[in-house]
>>> print(open('structure.cif').read())   # mmCIF, C-alpha atoms and all ligand atoms
data_entry
#
loop_
_atom_site.label_atom_id
_atom_site.label_comp_id
_atom_site.auth_asym_id
_atom_site.auth_seq_id
_atom_site.Cartn_x
_atom_site.Cartn_y
_atom_site.Cartn_z
CA MET S 1470 265.74 167.45 202.35
CA VAL S 1471 267.34 170.86 202.94
CA GLU S 1472 268.81 170.77 199.46
CA LYS S 1473 265.40 170.11 197.99
CA THR S 1474 263.88 173.11 199.84
CA GLU S 1475 266.63 175.44 198.68
CA LYS S 1476 266.19 174.21 195.15
CA SER S 1477 262.46 174.74 195.16
CA GLU S 1478 262.92 178.28 196.54
CA THR S 1479 265.37 179.04 193.71
CA THR S 1480 262.87 177.70 191.20
CA LYS S 1481 260.19 179.97 192.66
CA ALA S 1482 262.54 182.97 192.48
CA GLU S 1483 263.35 182.18 188.85
CA LYS S 1484 259.67 182.08 187.99
CA ILE S 1485 259.14 185.80 188.75
CA PRO S 1486 262.44 187.65 188.23
CA VAL S 1487 262.04 191.10 189.71
CA TRP S 1488 263.31 192.83 186.52
CA ASP S 1489 260.54 191.09 184.54
CA LEU S 1490 257.76 192.42 186.78
CA PRO S 1491 255.62 195.05 185.03
CA ASP S 1492 255.74 198.61 186.33
CA VAL S 1493 253.00 199.27 188.81
CA PRO S 1494 251.66 202.82 189.08
CA LYS S 1495 252.50 204.47 192.39
CA GLY S 1496 249.66 204.07 194.86
CA ARG S 1497 248.61 200.63 193.61
CA LEU S 1498 249.77 197.23 194.73
CA PRO S 1499 251.27 194.75 192.22
CA PRO S 1500 248.65 192.07 191.35
CA HIS S 1501 250.41 189.25 193.23
CA ILE S 1502 250.63 191.36 196.44
CA GLN S 1503 247.00 192.44 196.03
CA LEU S 1504 246.06 188.74 195.69
CA GLN S 1505 247.93 187.86 198.89
CA ARG S 1506 246.27 190.77 200.67
CA THR S 1507 242.68 189.90 199.70
CA ARG S 1508 242.68 186.12 199.23
CA VAL S 1509 243.66 182.99 201.14
CA ILE S 1510 245.42 180.77 198.59
CA CYS S 1511 244.62 177.08 199.01
CA THR S 1512 247.50 174.94 197.82
CA SER S 1513 247.46 171.15 197.68
CA ASP S 1514 249.20 171.02 201.09
CA ALA S 1515 247.67 173.83 203.14
CA PRO S 1516 246.18 177.30 202.88
CA ILE S 1517 248.69 180.16 202.67
CA HIS S 1518 248.46 183.94 203.14
CA THR S 1519 245.83 183.38 205.81
CA GLU S 1520 246.80 186.48 207.83
CA ASN S 1521 245.00 189.81 207.61
CA ILE S 1522 247.37 192.70 206.94
CA SER S 1523 245.97 195.38 209.23
CA TYR S 1524 249.06 197.53 209.85
CA SER S 1525 248.38 200.92 208.24
CA GLY S 1526 251.97 201.33 206.99
CA ALA S 1527 252.36 197.78 205.62
CA TYR S 1528 252.59 199.01 202.01
CA ALA S 1529 254.01 202.50 202.64
CA SER S 1530 257.06 201.78 200.44
CA MET S 1531 254.71 201.26 197.49
CA GLY S 1532 252.79 204.45 198.26
CA VAL S 1533 249.69 202.55 199.40
CA ASP S 1534 247.91 203.61 202.58
CA ASN S 1535 246.59 200.50 204.34
CA SER S 1536 244.65 202.39 207.05
CA LEU S 1537 241.14 201.25 207.93
CA ARG S 1538 238.87 204.15 206.93
CA LEU S 1539 235.26 204.56 207.99
CA ASP S 1540 234.12 205.85 204.59
CA ASP S 1541 235.74 202.79 202.88
CA PHE S 1542 233.92 200.55 205.33
CA HIS S 1543 230.59 202.31 204.61
CA ARG S 1544 231.15 201.93 200.87
CA ASN S 1545 232.10 198.25 200.95
CA PHE S 1546 230.00 196.79 203.79
CA ARG S 1547 226.98 194.71 202.73
CA VAL S 1548 224.71 192.06 204.25
CA GLU S 1549 222.86 189.91 201.71
CA VAL S 1550 220.31 187.33 202.86
CA ILE S 1551 220.55 184.21 200.70
CA ASN S 1552 218.08 181.93 202.45
CA LEU S 1553 215.62 182.60 205.29
CA THR S 1554 213.23 180.15 206.97
CA GLU S 1555 211.53 180.17 210.37
CA ASP S 1556 214.57 178.60 212.04
CA ASP S 1557 217.54 179.01 209.66
CA MET S 1558 219.19 181.87 207.87
CA GLU S 1559 222.10 181.90 205.42
CA PHE S 1560 223.49 185.31 204.58
CA ASP S 1561 226.65 186.93 203.27
CA ILE S 1562 228.52 189.58 205.24
CA ILE S 1563 230.87 191.46 202.96
CA GLY S 1564 233.53 193.97 203.94
CA ILE S 1565 234.45 192.85 207.45
CA ASP S 1566 237.46 191.23 209.07
CA ALA S 1567 237.44 187.60 210.29
CA SER S 1568 237.68 188.87 213.87
CA ILE S 1569 234.30 190.65 213.54
CA ALA S 1570 232.66 187.59 211.96
CA ASN S 1571 234.01 185.46 214.80
CA ALA S 1572 232.85 187.97 217.43
CA LEU S 1573 229.30 187.76 216.02
CA ARG S 1574 229.46 183.95 216.04
CA ARG S 1575 230.59 183.86 219.66
CA ILE S 1576 227.95 186.37 220.77
CA LEU S 1577 225.24 184.32 219.02
CA ILE S 1578 226.31 181.14 220.80
CA ALA S 1579 227.13 182.45 224.26
CA GLU S 1580 225.85 185.96 224.95
CA LEU S 1581 222.28 186.21 223.71
CA PRO S 1582 219.78 185.34 226.46
CA THR S 1583 216.91 182.84 226.26
CA MET S 1584 214.50 181.29 228.77
CA ALA S 1585 215.32 177.71 229.82
CA ILE S 1586 214.20 175.35 232.56
CA GLU S 1587 216.45 175.81 235.58
CA HIS S 1588 214.53 174.41 238.59
CA VAL S 1589 212.66 171.10 238.61
CA PHE S 1590 210.39 170.19 241.54
CA ILE S 1591 209.68 166.48 241.41
CA ALA S 1592 206.62 165.29 243.34
CA ASN S 1593 206.74 161.78 241.98
CA ASN S 1594 208.98 159.90 239.58
CA THR S 1595 208.62 156.15 239.38
CA SER S 1596 210.01 155.95 235.83
CA VAL S 1597 213.35 154.31 235.08
CA VAL S 1598 214.85 157.76 234.33
CA GLN S 1599 216.67 159.11 237.39
CA ASP S 1600 215.64 162.53 238.76
CA GLU S 1601 218.96 164.14 237.70
CA VAL S 1602 218.77 162.81 234.14
CA LEU S 1603 215.10 163.80 233.88
CA SER S 1604 215.95 167.35 235.06
CA HIS S 1605 218.78 167.61 232.56
CA ARG S 1606 216.54 166.48 229.69
CA LEU S 1607 213.88 169.01 230.70
CA GLY S 1608 216.48 171.80 230.82
CA LEU S 1609 217.42 171.21 227.18
CA ILE S 1610 213.87 171.63 225.80
CA PRO S 1611 213.79 174.92 223.81
CA LEU S 1612 210.92 177.22 224.85
CA LYS S 1613 209.09 179.40 222.35
CA VAL S 1614 209.10 182.69 224.23
CA ASP S 1615 210.77 186.04 223.65
CA PRO S 1616 213.42 186.45 226.40
CA ARG S 1617 213.37 190.24 225.95
CA LEU S 1618 210.01 190.26 227.79
CA PHE S 1619 211.58 188.88 230.98
CA ASP S 1620 214.09 190.03 233.60
CA TYR S 1621 217.10 188.12 234.85
CA LYS S 1622 216.49 186.44 238.22
CA SER S 1623 219.30 186.61 240.75
CA GLU S 1624 219.67 184.13 243.60
CA ASN S 1625 217.96 186.44 246.09
CA ASP S 1626 215.04 187.43 243.85
CA GLU S 1627 211.59 186.02 244.47
CA PRO S 1628 210.28 184.13 241.44
CA ASN S 1629 207.63 186.44 239.95
CA GLU S 1630 205.73 186.88 236.69
CA LYS S 1631 208.57 188.99 235.22
CA ASN S 1632 211.43 186.53 235.83
CA THR S 1633 209.96 183.01 235.92
CA ILE S 1634 207.84 180.78 233.67
CA VAL S 1635 206.22 177.76 235.31
CA PHE S 1636 205.09 174.53 233.65
CA LYS S 1637 203.64 171.38 235.17
CA LEU S 1638 203.83 167.84 233.90
CA HIS S 1639 201.73 164.92 235.09
CA ALA S 1640 201.91 161.71 233.12
CA ARG S 1641 200.91 158.24 234.16
CA CYS S 1642 200.89 154.96 232.33
CA GLU S 1643 197.76 153.16 233.46
CA ARG S 1644 197.96 149.46 234.14
CA ILE S 1645 196.26 147.48 231.40
CA SER S 1646 195.91 143.93 232.46
CA GLY S 1647 195.73 141.23 229.87
CA LYS S 1648 195.22 137.57 230.42
CA GLY S 1649 197.64 136.61 233.14
CA SER S 1650 200.12 139.48 232.61
CA GLU S 1651 200.27 143.19 231.74
CA LYS S 1652 200.39 143.97 228.05
CA GLU S 1653 203.62 145.28 226.53
CA SER S 1654 201.63 147.84 224.50
CA SER S 1655 200.84 149.74 227.70
CA ARG S 1656 204.19 151.63 227.46
CA ILE S 1657 203.85 155.34 226.70
CA SER S 1658 206.17 158.19 225.72
CA VAL S 1659 206.07 161.40 227.74
CA LYS S 1660 206.61 164.24 225.28
CA SER S 1661 207.41 167.93 225.63
CA SER S 1662 203.88 168.84 224.46
CA GLU S 1663 202.66 167.53 227.85
CA LEU S 1664 204.34 170.44 229.67
CA VAL S 1665 201.42 172.68 230.66
CA TRP S 1666 202.11 176.38 231.14
CA LEU S 1667 200.92 177.76 234.51
CA PRO S 1668 200.42 181.52 233.92
CA ASN S 1669 199.49 182.04 237.59
CA GLY S 1670 202.74 180.50 238.82
CA SER S 1671 203.51 177.45 240.90
CA GLU S 1672 200.75 175.17 242.18
CA PHE S 1673 203.02 173.31 244.61
CA LEU S 1674 202.60 174.47 248.19
CA LEU S 1675 205.79 175.65 249.83
CA SER S 1676 204.87 174.16 253.20
CA THR S 1677 201.71 172.14 253.73
CA GLU S 1678 202.12 172.30 257.54
CA ASN S 1679 201.94 176.10 257.61
CA SER S 1680 198.99 176.29 255.25
CA ASN S 1681 197.07 173.87 257.49
CA LEU S 1682 197.72 176.12 260.51
CA ASP S 1683 196.19 179.20 258.87
CA LEU S 1684 193.36 178.13 256.61
CA THR S 1685 192.12 181.71 256.09
CA SER S 1686 195.35 182.99 254.50
CA LYS S 1687 196.31 182.12 250.94
CA SER S 1688 198.63 179.09 250.83
CA LYS S 1689 202.16 180.04 249.83
CA THR S 1690 203.58 178.41 246.71
CA TYR S 1691 207.08 178.37 245.17
CA THR S 1692 206.37 181.59 243.24
CA SER S 1693 204.97 185.04 244.07
CA PHE S 1694 203.06 186.15 240.99
CA ASN S 1695 201.20 189.46 241.38
CA ARG S 1696 199.25 188.94 238.17
CA SER S 1697 198.62 186.18 235.73
CA GLN S 1698 201.09 186.07 232.82
CA ASP S 1699 198.27 185.44 230.33
CA SER S 1700 196.76 188.81 231.31
CA LEU S 1701 199.86 190.49 229.83
CA PRO S 1702 199.17 191.63 226.24
CA GLU S 1703 202.26 189.75 224.94
CA PHE S 1704 200.89 186.37 226.07
CA SER S 1705 197.10 186.80 226.03
CA ASN S 1706 196.84 185.29 222.53
CA ASN S 1707 200.24 183.68 222.52
CA PRO S 1708 200.58 180.97 225.19
CA ILE S 1709 204.08 179.91 226.17
CA VAL S 1710 204.89 176.41 224.92
CA PRO S 1711 207.96 174.29 224.13
CA LYS S 1712 209.13 175.03 220.58
CA HIS S 1713 208.85 171.36 219.59
CA GLY S 1714 206.08 169.23 221.04
CA ASN S 1715 207.51 165.86 219.99
CA ILE S 1716 210.67 165.74 222.14
CA VAL S 1717 210.56 162.52 224.17
CA ILE S 1718 211.27 163.26 227.85
CA ALA S 1719 210.84 159.70 229.18
CA ARG S 1720 209.17 156.37 228.49
CA LEU S 1721 206.76 155.04 231.11
CA GLY S 1722 205.96 151.41 231.73
CA SER S 1723 202.73 150.10 233.16
CA GLY S 1724 201.90 151.78 236.48
CA GLN S 1725 204.78 154.30 236.29
CA GLU S 1726 204.18 157.99 236.87
CA ILE S 1727 205.92 161.37 236.64
CA GLU S 1728 204.55 164.42 238.41
CA LEU S 1729 206.63 167.56 238.51
CA GLU S 1730 206.77 171.31 238.10
CA VAL S 1731 209.52 173.22 236.29
CA HIS S 1732 210.60 176.85 236.51
CA ALA S 1733 212.27 178.49 233.51
CA VAL S 1734 214.44 181.58 233.98
CA LYS S 1735 216.48 183.87 231.74
CA GLY S 1736 220.14 183.02 231.19
CA LEU S 1737 223.10 183.01 228.82
CA GLY S 1738 224.74 180.27 226.77
CA LYS S 1739 228.10 180.96 228.42
CA THR S 1740 226.57 179.74 231.73
CA HIS S 1741 225.03 176.59 230.21
CA ALA S 1742 224.40 175.48 226.62
CA LYS S 1743 220.66 175.13 227.36
CA TRP S 1744 220.40 178.95 227.24
CA SER S 1745 222.11 179.21 223.85
CA PRO S 1746 219.56 180.56 221.31
CA VAL S 1747 221.24 178.77 218.39
CA ALA S 1748 221.64 175.10 217.62
CA THR S 1749 224.74 176.34 215.84
CA ALA S 1750 226.12 179.47 214.17
CA TRP S 1751 229.05 179.26 211.78
CA TYR S 1752 230.71 180.96 208.85
CA ARG S 1753 233.12 180.22 206.01
CA MET S 1754 234.96 182.49 203.63
CA LEU S 1755 233.52 182.73 200.13
CA PRO S 1756 235.30 180.16 197.92
CA GLU S 1757 236.77 181.35 194.62
CA VAL S 1758 237.65 178.76 191.98
CA VAL S 1759 239.65 180.12 189.02
CA LEU S 1760 240.78 178.35 185.85
CA LEU S 1761 244.34 179.55 185.15
CA GLN S 1762 244.28 178.19 181.58
CA GLU S 1763 241.57 177.04 179.22
CA ILE S 1764 240.89 173.35 179.90
CA ARG S 1765 239.51 171.54 176.87
CA ASP S 1766 238.05 168.22 175.69
CA GLU S 1767 239.04 165.08 177.67
CA LYS S 1768 240.88 167.14 180.27
CA ALA S 1769 237.72 169.23 180.81
CA GLU S 1770 235.63 166.09 181.28
CA GLU S 1771 238.22 164.73 183.70
CA LEU S 1772 238.01 167.96 185.75
CA VAL S 1773 234.20 167.83 185.91
CA LYS S 1774 234.40 164.24 187.16
CA LYS S 1775 236.95 165.14 189.86
CA CYS S 1776 234.66 167.55 191.71
CA PRO S 1777 232.21 165.83 194.11
CA VAL S 1778 229.94 168.90 194.43
CA LYS S 1779 229.73 169.74 190.70
CA VAL S 1780 231.48 173.12 190.74
CA PHE S 1781 232.53 172.74 187.07
CA ASP S 1782 230.46 172.47 183.92
CA ILE S 1783 231.26 171.71 180.27
CA GLU S 1784 230.64 174.33 177.60
CA ASP S 1785 230.30 173.43 173.93
CA ILE S 1786 232.55 175.73 171.87
CA GLY S 1787 231.59 174.35 168.43
CA LYS S 1788 233.23 171.98 165.97
CA GLY S 1789 232.80 169.17 168.51
CA ARG S 1790 235.10 170.83 171.01
CA LYS S 1791 234.36 171.52 174.69
CA ARG S 1792 235.86 173.50 177.50
CA ALA S 1793 235.51 173.52 181.29
CA THR S 1794 233.82 176.43 183.08
CA VAL S 1795 233.34 177.28 186.75
CA SER S 1796 229.62 177.53 187.40
CA ARG S 1797 229.07 176.95 191.14
CA SER S 1798 232.19 178.12 192.98
CA ARG S 1799 230.11 178.97 196.10
CA SER S 1800 229.48 175.23 196.60
CA CYS S 1801 233.21 174.44 196.75
CA THR S 1802 234.08 172.65 199.99
CA LEU S 1803 237.82 172.99 199.43
CA CYS S 1804 238.35 169.24 199.31
CA ARG S 1805 241.25 169.95 196.86
CA GLU S 1806 240.39 166.93 194.67
CA CYS S 1807 240.62 169.12 191.54
CA ILE S 1808 244.25 170.12 192.19
CA ARG S 1809 245.55 166.69 193.16
CA GLY S 1810 248.04 164.97 190.83
CA ASP S 1811 249.40 165.69 187.34
CA SER S 1812 250.12 169.43 187.74
CA TRP S 1813 246.43 170.21 188.11
CA ASP S 1814 247.44 173.04 190.49
CA GLN S 1815 248.92 174.81 187.42
CA LEU S 1816 245.45 174.76 185.82
CA VAL S 1817 243.09 175.43 188.73
CA ALA S 1818 243.48 177.94 191.58
CA LEU S 1819 241.49 177.60 194.79
CA ARG S 1820 241.10 180.73 196.89
CA ARG S 1821 239.00 182.20 199.70
CA VAL S 1822 237.92 185.83 199.73
CA LYS S 1823 239.22 187.24 203.02
CA ASN S 1824 236.50 189.80 203.67
CA HIS S 1825 233.45 187.88 202.42
CA PHE S 1826 231.78 185.49 204.88
CA ILE S 1827 228.95 183.05 204.28
CA PHE S 1828 227.22 182.98 207.65
CA THR S 1829 224.62 180.45 208.81
CA ILE S 1830 222.42 180.72 211.91
CA GLU S 1831 220.25 177.82 213.10
CA SER S 1832 217.87 179.06 215.80
CA THR S 1833 216.57 176.74 218.52
CA GLY S 1834 213.24 178.53 218.19
CA ALA S 1835 213.01 181.19 220.92
CA LEU S 1836 213.63 184.00 218.39
CA PRO S 1837 213.73 184.00 214.57
CA PRO S 1838 217.31 183.87 213.16
CA GLU S 1839 217.14 187.39 211.66
CA VAL S 1840 216.23 188.80 215.10
CA LEU S 1841 219.09 186.86 216.69
CA PHE S 1842 221.50 188.46 214.22
CA THR S 1843 220.28 192.01 214.89
CA GLU S 1844 220.42 191.38 218.66
CA ALA S 1845 224.00 190.08 218.29
CA VAL S 1846 224.96 193.23 216.37
CA LYS S 1847 223.50 195.38 219.20
CA ILE S 1848 225.58 193.49 221.78
CA LEU S 1849 228.73 193.91 219.67
CA GLU S 1850 227.94 197.63 219.35
CA ASP S 1851 227.57 197.94 223.16
CA LYS S 1852 230.91 196.20 223.67
CA CYS S 1853 232.64 198.54 221.20
CA GLU S 1854 231.12 201.57 222.90
CA ARG S 1855 232.33 200.35 226.30
CA VAL S 1856 235.88 199.93 224.94
CA ILE S 1857 235.80 203.41 223.35
CA THR S 1858 234.51 204.95 226.61
CA ASP S 1859 237.23 203.19 228.64
CA LEU S 1860 239.93 204.42 226.25
CA SER S 1861 238.72 208.03 226.16
S1 LIG S 1901 238.22 171.87 195.89
FE1 LIG S 1901 236.84 170.11 195.79
S2 LIG S 1901 234.81 171.02 195.88
FE2 LIG S 1901 236.21 172.66 195.37
S3 LIG S 1901 236.20 172.78 193.14
FE3 LIG S 1901 237.90 171.45 193.71
S4 LIG S 1901 237.04 169.39 193.68
FE4 LIG S 1901 235.32 170.80 193.70
#
>>> encode(input="structure.cif", output="structure tokens", more="lines below")
Ligand code: SF4
Amino acid sequence: MVEKTEKSETTKAEKIPVWDLPDVPKGRLPPHIQLQRTRVICTSDAPIHTENISYSGAYASMGVDNSLRLDDFHRNFRVEVINLTEDDMEFDIIGIDASIANALRRILIAELPTMAIEHVFIANNTSVVQDEVLSHRLGLIPLKVDPRLFDYKSENDEPNEKNTIVFKLHARCERISGKGSEKESSRISVKSSELVWLPNGSEFLLSTENSNLDLTSKSKTYTSFNRSQDSLPEFSNNPIVPKHGNIVIARLGSGQEIELEVHAVKGLGKTHAKWSPVATAWYRMLPEVVLLQEIRDEKAEELVKKCPVKVFDIEDIGKGRKRATVSRSRSCTLCRECIRGDSWDQLVALRRVKNHFIFTIESTGALPPEVLFTEAVKILEDKCERVITDLS
């Protein structure tokens, strides 16, 4: 085993004898070092050269300054939106390090606030769904409301119109009696669209005994709203509703009933996933598929057949001859099928561009994905400023 390794290393060394390397002008890296610096090379076993060389003096012996310079960053940095819908966005971020891409991903998942149901007041639940499970299901319903319009509510704060959103839900499956027994068709689904926004706050009385004692004073409820939320300009023509109205909360059988009130507050995904504004946010490095030699005729057809996502095409080069071309390298999933067996890795090179990220954001619906991205950038900026202030 050891012998084999030593032998293969010798073979590698013999492939590029140092005296055969072309002269490289001072101040530029040799092509193979430049490739290792800017690309992850995907071999048939595993990716190699995955590290980012960030040390400023890493190439000092070759007269190359590897310092990170602000003007270089300005020149190279780009964000290109590839696909944008109401809930999803795919875009390219070019000219950043993997650590920055990962910081943005983590901020999107865990540090951007949303409004989510936190307190559930159950007046009646005769369904088969236990109170705890029902509360958990309600908490996970995404709400279509801009969290930037609300304040965080601490434990000691009174729930008011600036920190709490109240909904009520009252669903009942009426008994339908058939001949002799109740009909099966009387079952109903309770859906998220049945959550009714209460812009004036809670309707549940805090203490019925006290309110009976003093009938002249206003009965106290679970919230202290000074004004109706629908009188605020942001909500007057834009009622607060769940993002999706067809989420099934529970199924009710004949005679079963659910009556409850829920209070949504502002929070972060790092406290509980229900506050995460994204269903998911992820990135991958831009794939680069390179043909190292011209692949012709049957071999070209074989290569096209190998790829499950149709990265390669056939080009007619006249006189009945064909050659393989790379036409959709962005779609490459790095399955490595095209470099398996028969020295295919001598013909095809699979790489990833180290500073080019294909980023995807799937919003849960509180904010559009492009707004989520800009908010994440602002949070990252704040964090950087705090670090700079602490260091200075
Ligand atoms: S790695 Fe897989 S997806 Fe990528 S080009 Fe090769 S066969 Fe196609």
>>> residues_near_ligand(input="structure.cif", ligand="ligand LIG 1901 (chain S)", cutoff="10 Å", atoms="all atoms listed in the file", output="PDB file with C-alpha atoms, keeping the file's coordinate frame")
ATOM      1  CA  CYS S1511     244.620 177.080 199.010  1.00  0.00           C
ATOM      2  CA  THR S1512     247.500 174.940 197.820  1.00  0.00           C
ATOM      3  CA  SER S1513     247.460 171.150 197.680  1.00  0.00           C
ATOM      4  CA  PRO S1756     235.300 180.160 197.920  1.00  0.00           C
ATOM      5  CA  GLU S1757     236.770 181.350 194.620  1.00  0.00           C
ATOM      6  CA  VAL S1758     237.650 178.760 191.980  1.00  0.00           C
ATOM      7  CA  VAL S1759     239.650 180.120 189.020  1.00  0.00           C
ATOM      8  CA  LEU S1772     238.010 167.960 185.750  1.00  0.00           C
ATOM      9  CA  VAL S1773     234.200 167.830 185.910  1.00  0.00           C
ATOM     10  CA  LYS S1774     234.400 164.240 187.160  1.00  0.00           C
ATOM     11  CA  LYS S1775     236.950 165.140 189.860  1.00  0.00           C
ATOM     12  CA  CYS S1776     234.660 167.550 191.710  1.00  0.00           C
ATOM     13  CA  PRO S1777     232.210 165.830 194.110  1.00  0.00           C
ATOM     14  CA  VAL S1778     229.940 168.900 194.430  1.00  0.00           C
ATOM     15  CA  LYS S1779     229.730 169.740 190.700  1.00  0.00           C
ATOM     16  CA  VAL S1780     231.480 173.120 190.740  1.00  0.00           C
ATOM     17  CA  PHE S1781     232.530 172.740 187.070  1.00  0.00           C
ATOM     18  CA  VAL S1795     233.340 177.280 186.750  1.00  0.00           C
ATOM     19  CA  SER S1796     229.620 177.530 187.400  1.00  0.00           C
ATOM     20  CA  ARG S1797     229.070 176.950 191.140  1.00  0.00           C
ATOM     21  CA  SER S1798     232.190 178.120 192.980  1.00  0.00           C
ATOM     22  CA  ARG S1799     230.110 178.970 196.100  1.00  0.00           C
ATOM     23  CA  SER S1800     229.480 175.230 196.600  1.00  0.00           C
ATOM     24  CA  CYS S1801     233.210 174.440 196.750  1.00  0.00           C
ATOM     25  CA  THR S1802     234.080 172.650 199.990  1.00  0.00           C
ATOM     26  CA  LEU S1803     237.820 172.990 199.430  1.00  0.00           C
ATOM     27  CA  CYS S1804     238.350 169.240 199.310  1.00  0.00           C
ATOM     28  CA  ARG S1805     241.250 169.950 196.860  1.00  0.00           C
ATOM     29  CA  GLU S1806     240.390 166.930 194.670  1.00  0.00           C
ATOM     30  CA  CYS S1807     240.620 169.120 191.540  1.00  0.00           C
ATOM     31  CA  ILE S1808     244.250 170.120 192.190  1.00  0.00           C
ATOM     32  CA  ARG S1809     245.550 166.690 193.160  1.00  0.00           C
ATOM     33  CA  VAL S1817     243.090 175.430 188.730  1.00  0.00           C
ATOM     34  CA  ALA S1818     243.480 177.940 191.580  1.00  0.00           C
ATOM     35  CA  LEU S1819     241.490 177.600 194.790  1.00  0.00           C
ATOM     36  CA  ARG S1820     241.100 180.730 196.890  1.00  0.00           C
TER      37      ARG S1820
END
>>> atom_distance(input="structure.cif", atom1="CA of Leu1638 in chain S", atom2="CA of Asp1556 in chain S")
26.6 Å
>>> residues_around(input="structure.cif", residues="range 1745-1755 of chain S", least_positions_apart="6", cutoff="10 Å", atoms="only C-alpha atoms", output="MDAnalysis selection string")
chainID S and resid 1508:1509 1556:1563 1567 1570:1571 1573:1585 1609 1611:1612 1616 1736:1739 1798:1802 1820:1838 1841
>>> write_last_selection(input="structure.cif", atoms="C-alpha atoms", output="PDB file, in the frame of the given file")
ATOM      1  CA  ARG S1508     242.680 186.120 199.230  1.00  0.00           C
ATOM      2  CA  VAL S1509     243.660 182.990 201.140  1.00  0.00           C
ATOM      3  CA  ASP S1556     214.570 178.600 212.040  1.00  0.00           C
ATOM      4  CA  ASP S1557     217.540 179.010 209.660  1.00  0.00           C
ATOM      5  CA  MET S1558     219.190 181.870 207.870  1.00  0.00           C
ATOM      6  CA  GLU S1559     222.100 181.900 205.420  1.00  0.00           C
ATOM      7  CA  PHE S1560     223.490 185.310 204.580  1.00  0.00           C
ATOM      8  CA  ASP S1561     226.650 186.930 203.270  1.00  0.00           C
ATOM      9  CA  ILE S1562     228.520 189.580 205.240  1.00  0.00           C
ATOM     10  CA  ILE S1563     230.870 191.460 202.960  1.00  0.00           C
ATOM     11  CA  ALA S1567     237.440 187.600 210.290  1.00  0.00           C
ATOM     12  CA  ALA S1570     232.660 187.590 211.960  1.00  0.00           C
ATOM     13  CA  ASN S1571     234.010 185.460 214.800  1.00  0.00           C
ATOM     14  CA  LEU S1573     229.300 187.760 216.020  1.00  0.00           C
ATOM     15  CA  ARG S1574     229.460 183.950 216.040  1.00  0.00           C
ATOM     16  CA  ARG S1575     230.590 183.860 219.660  1.00  0.00           C
ATOM     17  CA  ILE S1576     227.950 186.370 220.770  1.00  0.00           C
ATOM     18  CA  LEU S1577     225.240 184.320 219.020  1.00  0.00           C
ATOM     19  CA  ILE S1578     226.310 181.140 220.800  1.00  0.00           C
ATOM     20  CA  ALA S1579     227.130 182.450 224.260  1.00  0.00           C
ATOM     21  CA  GLU S1580     225.850 185.960 224.950  1.00  0.00           C
ATOM     22  CA  LEU S1581     222.280 186.210 223.710  1.00  0.00           C
ATOM     23  CA  PRO S1582     219.780 185.340 226.460  1.00  0.00           C
ATOM     24  CA  THR S1583     216.910 182.840 226.260  1.00  0.00           C
ATOM     25  CA  MET S1584     214.500 181.290 228.770  1.00  0.00           C
ATOM     26  CA  ALA S1585     215.320 177.710 229.820  1.00  0.00           C
ATOM     27  CA  LEU S1609     217.420 171.210 227.180  1.00  0.00           C
ATOM     28  CA  PRO S1611     213.790 174.920 223.810  1.00  0.00           C
ATOM     29  CA  LEU S1612     210.920 177.220 224.850  1.00  0.00           C
ATOM     30  CA  PRO S1616     213.420 186.450 226.400  1.00  0.00           C
ATOM     31  CA  GLY S1736     220.140 183.020 231.190  1.00  0.00           C
ATOM     32  CA  LEU S1737     223.100 183.010 228.820  1.00  0.00           C
ATOM     33  CA  GLY S1738     224.740 180.270 226.770  1.00  0.00           C
ATOM     34  CA  LYS S1739     228.100 180.960 228.420  1.00  0.00           C
ATOM     35  CA  SER S1798     232.190 178.120 192.980  1.00  0.00           C
ATOM     36  CA  ARG S1799     230.110 178.970 196.100  1.00  0.00           C
ATOM     37  CA  SER S1800     229.480 175.230 196.600  1.00  0.00           C
ATOM     38  CA  CYS S1801     233.210 174.440 196.750  1.00  0.00           C
ATOM     39  CA  THR S1802     234.080 172.650 199.990  1.00  0.00           C
ATOM     40  CA  ARG S1820     241.100 180.730 196.890  1.00  0.00           C
ATOM     41  CA  ARG S1821     239.000 182.200 199.700  1.00  0.00           C
ATOM     42  CA  VAL S1822     237.920 185.830 199.730  1.00  0.00           C
ATOM     43  CA  LYS S1823     239.220 187.240 203.020  1.00  0.00           C
ATOM     44  CA  ASN S1824     236.500 189.800 203.670  1.00  0.00           C
ATOM     45  CA  HIS S1825     233.450 187.880 202.420  1.00  0.00           C
ATOM     46  CA  PHE S1826     231.780 185.490 204.880  1.00  0.00           C
ATOM     47  CA  ILE S1827     228.950 183.050 204.280  1.00  0.00           C
ATOM     48  CA  PHE S1828     227.220 182.980 207.650  1.00  0.00           C
ATOM     49  CA  THR S1829     224.620 180.450 208.810  1.00  0.00           C
ATOM     50  CA  ILE S1830     222.420 180.720 211.910  1.00  0.00           C
ATOM     51  CA  GLU S1831     220.250 177.820 213.100  1.00  0.00           C
ATOM     52  CA  SER S1832     217.870 179.060 215.800  1.00  0.00           C
ATOM     53  CA  THR S1833     216.570 176.740 218.520  1.00  0.00           C
ATOM     54  CA  GLY S1834     213.240 178.530 218.190  1.00  0.00           C
ATOM     55  CA  ALA S1835     213.010 181.190 220.920  1.00  0.00           C
ATOM     56  CA  LEU S1836     213.630 184.000 218.390  1.00  0.00           C
ATOM     57  CA  PRO S1837     213.730 184.000 214.570  1.00  0.00           C
ATOM     58  CA  PRO S1838     217.310 183.870 213.160  1.00  0.00           C
ATOM     59  CA  LEU S1841     219.090 186.860 216.690  1.00  0.00           C
TER      60      LEU S1841
END
>>> atom_distance(input="structure.cif", atom1="CA of Asp1600 in chain S", atom2="CA of Lys1631 in chain S")
27.6 Å
